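So this one's start07.txt, compact mmCIF, C-alpha atoms:
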```
# COMPACT_ATOMS: atom_id res chain seq x y z
CA MET A 6 -21.15 -18.88 12.08
CA THR A 7 -17.42 -18.10 12.00
CA GLN A 8 -16.60 -14.39 11.84
CA LEU A 9 -15.02 -13.53 8.50
CA THR A 10 -11.90 -11.41 8.96
CA PHE A 11 -9.63 -9.64 6.49
CA LEU A 12 -6.14 -8.49 7.50
CA ALA A 13 -3.81 -6.33 5.41
CA VAL A 14 -0.13 -5.69 6.16
CA HIS A 15 0.92 -2.27 4.89
CA ALA A 16 4.19 -0.39 5.19
CA HIS A 17 3.23 3.25 5.82
CA PRO A 18 0.29 5.46 6.70
CA ASP A 19 -1.58 6.10 3.40
CA ASP A 20 -0.72 2.72 1.83
CA GLU A 21 -3.95 1.27 3.20
CA ALA A 22 -5.97 3.79 1.18
CA SER A 23 -4.11 3.63 -2.12
CA SER A 24 -4.20 -0.11 -2.79
CA THR A 25 -6.95 -1.48 -0.53
CA GLY A 26 -9.09 1.50 0.41
CA GLY A 27 -12.03 0.35 -1.67
CA LEU A 28 -11.81 -3.22 -0.41
CA PHE A 29 -11.61 -2.16 3.23
CA ARG A 30 -14.76 -0.03 2.94
CA LEU A 31 -16.60 -2.65 0.86
CA LEU A 32 -15.89 -5.41 3.37
CA ALA A 33 -16.83 -3.23 6.34
CA ASP A 34 -20.15 -2.46 4.63
CA GLN A 35 -20.68 -6.21 4.26
CA GLY A 36 -20.21 -6.78 8.00
CA ILE A 37 -16.78 -8.38 7.67
CA ARG A 38 -14.17 -7.64 10.33
CA THR A 39 -11.20 -5.72 8.92
CA VAL A 40 -7.75 -5.36 10.47
CA LEU A 41 -4.95 -3.06 9.32
CA VAL A 42 -1.32 -3.59 10.30
CA THR A 43 0.81 -0.50 9.59
CA CYS A 44 4.49 -1.34 9.97
CA THR A 45 6.12 2.11 10.14
CA ASN A 46 5.31 5.56 11.45
CA GLY A 47 6.15 7.32 8.17
CA GLU A 48 8.99 9.52 9.43
CA CYS A 49 10.45 9.85 5.91
CA GLY A 50 7.36 11.44 4.46
CA ASP A 51 7.01 15.08 3.47
CA ALA A 52 6.73 17.69 6.20
CA LEU A 53 3.69 19.96 6.22
CA ASP A 54 5.64 22.62 4.31
CA GLY A 55 6.64 20.05 1.68
CA ALA A 56 10.18 19.58 3.01
CA LYS A 57 11.79 16.29 2.03
CA PRO A 58 13.78 14.13 4.48
CA ASP A 59 17.10 15.56 3.25
CA ALA A 60 16.10 19.12 4.22
CA ASP A 61 17.93 20.49 7.25
CA HIS A 62 14.72 21.40 9.04
CA HIS A 63 12.87 18.14 8.31
CA ASP A 64 11.76 16.61 11.63
CA GLY A 65 10.85 12.95 11.18
CA ASP A 66 9.16 12.65 14.55
CA ALA A 67 6.99 15.69 13.82
CA VAL A 68 6.07 14.19 10.44
CA ALA A 69 5.16 10.90 12.11
CA ALA A 70 2.91 12.73 14.59
CA VAL A 71 1.01 14.37 11.72
CA ARG A 72 0.71 11.11 9.84
CA ARG A 73 -0.62 9.36 12.95
CA VAL A 74 -3.59 11.72 13.00
CA GLU A 75 -4.09 11.36 9.25
CA LEU A 76 -4.08 7.57 9.51
CA ASP A 77 -6.67 7.64 12.28
CA ARG A 78 -8.93 9.73 10.03
CA ALA A 79 -8.47 7.38 7.07
CA VAL A 80 -9.16 4.34 9.25
CA ALA A 81 -12.44 5.89 10.41
CA ILE A 82 -13.46 6.71 6.83
CA LEU A 83 -12.75 3.16 5.67
CA GLY A 84 -14.55 1.57 8.62
CA ILE A 85 -11.50 -0.44 9.66
CA HIS A 86 -12.26 -2.26 12.90
CA ARG A 87 -8.73 -2.61 14.26
CA LEU A 88 -5.53 -0.69 13.53
CA GLU A 89 -2.30 -2.23 14.80
CA ARG A 90 0.79 -0.02 14.55
CA LEU A 91 4.05 -1.97 14.72
CA GLY A 92 5.81 1.36 15.30
CA TYR A 93 9.05 0.87 13.35
CA ARG A 94 10.84 3.89 11.91
CA ASP A 95 10.40 4.61 8.23
CA SER A 96 13.43 3.36 6.27
CA GLY A 97 13.20 5.82 3.39
CA MET A 98 13.71 4.88 -0.23
CA MET A 99 16.29 2.30 -1.29
CA GLY A 100 19.80 3.66 -0.80
CA TRP A 101 18.83 6.49 1.53
CA PRO A 102 20.94 6.95 4.69
CA GLN A 103 17.85 6.15 6.79
CA ASN A 104 18.25 2.52 5.64
CA ALA A 105 21.11 2.20 8.12
CA ASP A 106 19.14 3.39 11.16
CA PRO A 107 19.07 0.39 13.55
CA ASP A 108 15.53 1.35 14.58
CA CYS A 109 14.16 1.41 11.03
CA PHE A 110 11.95 -1.34 9.70
CA TRP A 111 14.45 -2.37 6.99
CA ALA A 112 17.12 -3.03 9.64
CA THR A 113 14.79 -5.01 11.93
CA PRO A 114 15.42 -8.78 12.00
CA VAL A 115 12.67 -10.46 9.99
CA ASP A 116 11.97 -13.09 12.65
CA GLU A 117 11.54 -10.42 15.32
CA ALA A 118 8.89 -8.46 13.42
CA ALA A 119 7.32 -11.65 12.03
CA ALA A 120 6.79 -13.02 15.54
CA ARG A 121 4.79 -9.91 16.45
CA LEU A 122 2.70 -10.26 13.31
CA ALA A 123 2.22 -13.99 13.88
CA ALA A 124 0.84 -13.31 17.36
CA LEU A 125 -1.71 -10.94 15.83
CA LEU A 126 -2.63 -13.47 13.15
CA MET A 127 -3.21 -16.12 15.80
CA GLU A 128 -5.39 -13.72 17.78
CA GLU A 129 -7.50 -12.53 14.84
CA ARG A 130 -7.30 -15.69 12.67
CA PRO A 131 -8.16 -13.90 9.41
CA GLN A 132 -9.24 -16.14 6.56
CA VAL A 133 -7.79 -13.68 4.04
CA VAL A 134 -4.47 -11.84 4.34
CA MET A 135 -3.04 -9.27 1.93
CA THR A 136 0.40 -7.70 1.54
CA TYR A 137 2.93 -6.88 -1.21
CA ASN A 138 4.98 -9.11 -3.51
CA GLU A 139 8.69 -9.82 -3.11
CA ILE A 140 9.71 -6.50 -4.70
CA GLY A 141 7.34 -4.58 -2.47
CA PHE A 142 5.30 -3.63 -5.54
CA TYR A 143 7.67 -0.76 -6.38
CA GLY A 144 10.94 -1.54 -4.62
CA HIS A 145 10.52 0.41 -1.38
CA PRO A 146 12.53 -1.22 1.45
CA ASP A 147 9.62 -1.05 3.90
CA HIS A 148 7.27 -2.68 1.39
CA ILE A 149 9.81 -5.45 0.76
CA GLN A 150 10.18 -5.94 4.51
CA ALA A 151 6.39 -6.06 4.93
CA HIS A 152 6.38 -8.89 2.39
CA ARG A 153 9.18 -10.71 4.20
CA ILE A 154 7.66 -10.55 7.65
CA THR A 155 4.25 -11.59 6.35
CA MET A 156 5.63 -14.65 4.58
CA ARG A 157 7.64 -15.59 7.67
CA ALA A 158 4.68 -15.01 10.01
CA LEU A 159 2.53 -17.34 7.93
CA ASP A 160 5.11 -20.06 8.57
CA MET A 161 4.75 -19.49 12.32
CA ILE A 162 0.98 -19.98 12.66
CA ASP A 163 -1.10 -23.14 12.90
CA TYR A 164 -3.40 -22.63 9.92
CA GLU A 165 -3.24 -21.47 6.29
CA PRO A 166 -5.19 -18.38 5.26
CA THR A 167 -5.65 -17.31 1.66
CA LEU A 168 -2.85 -14.86 0.88
CA TYR A 169 -3.10 -12.20 -1.80
CA PHE A 170 -0.58 -9.66 -3.08
CA ASN A 171 -1.92 -6.31 -4.26
CA ALA A 172 -1.46 -6.02 -8.01
CA ILE A 173 -2.05 -3.94 -11.10
CA PRO A 174 -2.51 -6.01 -14.29
CA ALA A 175 0.31 -5.38 -16.76
CA SER A 176 -2.15 -4.27 -19.43
CA ARG A 177 -3.57 -1.63 -17.12
CA MET A 178 -0.14 -0.59 -15.91
CA ALA A 179 0.92 0.10 -19.50
CA ILE A 180 -1.95 2.59 -19.85
CA MET A 181 -1.08 4.25 -16.53
CA ARG A 182 2.61 4.41 -17.41
CA ALA A 183 1.81 6.11 -20.73
CA ARG A 184 -0.28 8.69 -18.86
CA TRP A 185 2.50 9.33 -16.31
CA GLU A 186 5.09 9.70 -19.07
CA GLU A 187 2.93 12.21 -20.93
CA GLU A 188 2.33 14.20 -17.74
CA ASP A 189 6.07 14.19 -17.01
CA ARG A 190 6.85 15.30 -20.58
CA ARG A 191 4.50 18.27 -20.26
CA LYS A 192 5.93 19.17 -16.86
CA ARG A 193 9.49 19.06 -18.22
CA GLU A 194 8.48 21.36 -21.07
CA GLU A 195 7.07 23.85 -18.56
CA GLU A 196 10.23 23.60 -16.45
CA LEU A 197 12.47 24.02 -19.49
CA ALA A 198 10.66 27.26 -20.30
CA GLN A 199 11.67 28.39 -16.79
CA GLY A 200 15.29 27.40 -17.37
CA ILE A 201 15.05 24.10 -15.48
CA ASP A 202 16.49 21.16 -17.38
CA ARG A 203 16.14 17.69 -15.85
CA GLU A 204 16.11 14.08 -16.95
CA PRO A 205 12.76 12.35 -17.50
CA ASP A 206 11.23 10.65 -14.48
CA VAL A 207 11.70 6.92 -15.19
CA GLY A 208 9.86 5.74 -12.08
CA PRO A 209 11.10 3.48 -9.28
CA LEU A 210 14.46 1.73 -9.60
CA ASP A 211 15.84 -1.39 -7.91
CA GLU A 212 19.12 -1.63 -5.99
CA GLU A 213 21.05 -2.00 -9.27
CA GLY A 214 19.41 1.07 -10.80
CA ASN A 215 17.12 -0.90 -13.11
CA GLN A 216 13.56 0.26 -13.74
CA ILE A 217 11.03 -1.76 -11.77
CA ASP A 218 8.06 -3.22 -13.61
CA MET A 219 5.15 -2.66 -11.24
CA GLY A 220 2.69 -4.58 -13.41
CA THR A 221 1.63 -8.16 -12.71
CA PRO A 222 1.08 -10.37 -15.78
CA ASP A 223 -2.64 -10.42 -16.50
CA GLU A 224 -2.77 -14.20 -16.33
CA GLU A 225 -1.50 -14.13 -12.73
CA ILE A 226 -4.36 -12.00 -11.43
CA GLY A 227 -6.50 -14.11 -9.10
CA ALA A 228 -9.06 -11.60 -7.83
CA VAL A 229 -10.69 -8.54 -9.37
CA ILE A 230 -12.94 -6.78 -6.90
CA ASP A 231 -15.56 -4.25 -7.97
CA VAL A 232 -15.24 -1.43 -5.43
CA ARG A 233 -17.20 1.27 -7.27
CA THR A 234 -19.64 1.57 -4.36
CA ALA A 235 -16.68 2.37 -2.09
CA THR A 236 -14.54 4.67 -4.26
CA ASP A 237 -15.91 7.85 -2.67
CA ALA A 238 -14.65 6.58 0.69
CA LYS A 239 -11.34 5.59 -0.88
CA TYR A 240 -10.97 9.08 -2.33
CA ASP A 241 -11.78 10.64 1.03
CA ALA A 242 -9.32 8.33 2.81
CA LEU A 243 -6.56 9.35 0.42
CA SER A 244 -7.53 12.98 0.98
CA ALA A 245 -7.14 12.44 4.73
CA HIS A 246 -3.41 11.92 4.14
CA VAL A 247 -3.10 15.53 3.07
CA SER A 248 0.56 15.90 4.09
CA GLN A 249 1.55 13.21 1.58
CA ILE A 250 -1.20 13.28 -1.04
CA GLY A 251 -1.82 16.88 -1.98
CA PRO A 252 -4.17 18.42 -4.55
CA ASP A 253 -1.55 18.04 -7.30
CA SER A 254 -1.25 14.28 -6.85
CA PHE A 255 -2.26 11.78 -9.51
CA TRP A 256 -5.43 10.84 -7.62
CA MET A 257 -6.55 14.20 -6.29
CA LYS A 258 -6.50 15.78 -9.75
CA MET A 259 -9.53 13.62 -10.57
CA THR A 260 -13.13 14.41 -9.77
CA LYS A 261 -14.89 11.73 -7.74
CA ASP A 262 -16.67 10.56 -10.89
CA GLU A 263 -13.34 10.26 -12.74
CA PHE A 264 -11.84 8.52 -9.72
CA ARG A 265 -14.69 6.01 -9.65
CA GLU A 266 -14.14 5.22 -13.31
CA ALA A 267 -10.37 4.89 -12.98
CA MET A 268 -10.21 3.18 -9.58
CA GLY A 269 -13.39 1.12 -9.59
CA GLU A 270 -11.54 -2.20 -9.40
CA GLU A 271 -8.85 -3.46 -7.05
CA CYS A 272 -6.84 -6.44 -8.26
CA PHE A 273 -4.82 -9.07 -6.43
CA LYS A 274 -2.57 -12.04 -7.11
CA ARG A 275 -3.57 -15.19 -5.22
CA VAL A 276 -0.53 -16.74 -3.53
CA THR A 277 -1.91 -19.47 -1.27
CA ASN A 278 -5.07 -21.37 -2.12
CA PRO A 279 -6.38 -23.50 0.75
CA MET A 280 -9.92 -23.37 -0.66
CA GLY A 281 -8.87 -24.74 -4.06
CA LEU A 282 -10.13 -21.73 -6.02
CA GLU A 283 -9.87 -21.61 -9.80
CA GLY A 284 -9.63 -18.68 -12.17
CA VAL A 285 -10.33 -15.07 -11.29
CA VAL A 286 -12.70 -14.51 -8.39
CA THR A 287 -14.80 -11.40 -7.82
CA ASP A 288 -15.16 -11.95 -4.06
CA ILE A 289 -12.01 -11.79 -1.91
CA PHE A 290 -13.76 -14.25 0.43
CA ALA A 291 -14.59 -16.73 -2.33
CA GLY A 292 -14.72 -20.22 -0.83
CA TYR A 293 -15.46 -18.90 2.65
CA ARG A 294 -19.07 -17.80 2.11
```
Go ahead and render the structure in this file as C-alpha cells.
Amino acid sequence: MTQLTFLAVHAHPDDEASSTGGLFRLLADQGIRTVLVTCTNGECGDALDGAKPDADHHDGDAVAAVRRVELDRAVAILGIHRLERLGYRDSGMMGWPQNADPDCFWATPVDEAAARLAALLMEERPQVVMTYNEIGFYGHPDHIQAHRITMRALDMIDYEPTLYFNAIPASRMAIMRARWEEEDRRKREEELAQGIDREPDVGPLDEEGNQIDMGTPDEEIGAVIDVRTATDAKYDALSAHVSQIGPDSFWMKMTKDEFREAMGEECFKRVTNPMGLEGVVTDIFAGYR
C-alpha cells in the first residue's frame, strides 16, 4: 500500500500551529506521514522582552535562535515526521525595510526557492499539499512568496497532488472580525483613560493601503476537517511559540474547552483536483483512501 503523505508549506515558525496544527496532529494519529516546510527563520518576530524589529536592541539572529527551539517543540507536539527549514531570512511586514534585504525570502528569486521545494516534493511525493492563497491569507510578503514558490514547484514535478489553500469561511470570518473589533474598542477605551489616543486597528492592509479580506467565500470551501480530538495538541503547539504567542494573545486567552469549541474545525479551499472530488469533503485524503 502506498504511504499517504501530507506536506504543508508555511512561512514562519508558529504558522504550522495556527492554521494546520489540528490537521497535523490528526493525520499523525492516523498513521499518515506529515512533512512541514518552514520557509523563513522568523528574524522579524518579537524578541523575548517584547521588542519589535524597529527597536535598537532587537537582534534578529537571536530571535531566530529562540524560534528555532520553539518550532522544534511544536513539531514534536504535533507529531510531524519531517521538518525542512529552507532557512531564508524573515522579510517583515509589507513595506518594512527588511523587504529589501537580498537574503530575505521576499527578495529570493521564485524559481530558485521553488527548485528546492520541487526536489523535496519529488523525494516525498505527497498526495496532498497545503499552502496559502495568492494574497498569503493576510498580505504578508513571506506568505505570498510561499504561495508563489509552491505554485511554481508544482509545475516542476512529474505528478499532480491535490493542493489546498488554508481558509476561513467568510461567514466565520465576519464573526471573528466583530469579536476583534469589540476587543480593540475596549482596549482603546482603556488606553484613552490613560491619555493614549490611537486610531482603531483595521487589520492587515495590502500594498495600496486597502484592508485585506481574509475570508474565503463559503461556496469555495472544499474541505472542512473536524480536528476536535487534536485541539489540545494544537493549543499546546501554539503555546510552544511563547516568544510570539503570549498569554494575552487571541488564542491563549481561551481555556482549552473554549479553544476546542472555537477551533474545532480547519477549513481549506481545494485548488487542484486530480481525484475528481465534488463538494465539501471531511477527509483531507478523500479519494486516496
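For the pair atom CA of A:Ala105 and atom CA of A:Gly144, the separation is 16.7 Å.
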Check your understanding: If I put a ball of radius 10 Å at (-5.3, -20.6, -7.3) in the file's coordinates, which residues poke into it when counting all atoms listed in the file, written as a PyMOL selection string?
Key -> chain A and resi 167+225-228+274-286
Check your understanding: Which residues come within 8 Å of A:Met135, counting all atoms listed in the file, excluding same-chain residues fewer than 5 positions away, as a list in words?
Key ->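 So, after excluding close chain neighbours, the residues are Leu12, Ala13, Val14, Leu168, Tyr169, Phe170 and Asn171 of chain A.
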Exercise for review: Choose the residue, out of A:Leu243, A:Ala235, A:Val134, A:Ala267, that has the smallest atom-to-atom separation from A:Val80; count only C-alpha atoms.
Suggested key: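 Once distances to A:Val80 are computed over only C-alpha atoms, the minimum belongs to A:Leu243.
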Exercise for review: Have a look at atom CA of A:Glu139 and atom CA of A:Asp66 and let me know their distance in Å, one decimal.
Suggested key: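 So the answer is 28.6 Å.
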Practice item. Tell me, as JSON, numbers by chain, which residues lie within 12 Å of A:Val74, counting only C-alpha atoms; anything in the same chain fewer than 3 positions away does not count. Key: {"A": [18, 19, 46, 47, 67, 68, 69, 70, 71, 77, 78, 79, 80, 81, 245, 246, 247, 248]}
Point to revise | Exercise: A:Ile173 partners within 9 Å, only C-alpha atoms, chain neighbours under 3 positions left out, as a ChimeraX atom specification | key: /A:176-178,219-223,226,271-273
Practice item. Go ahead and compute the interatomic distance for atom CA of A:Ile149 and atom CA of A:Asp61, in Å to one decimal. Key: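 About the pair atom CA of A:Ile149 and atom CA of A:Asp61: they are 27.9 Å apart.
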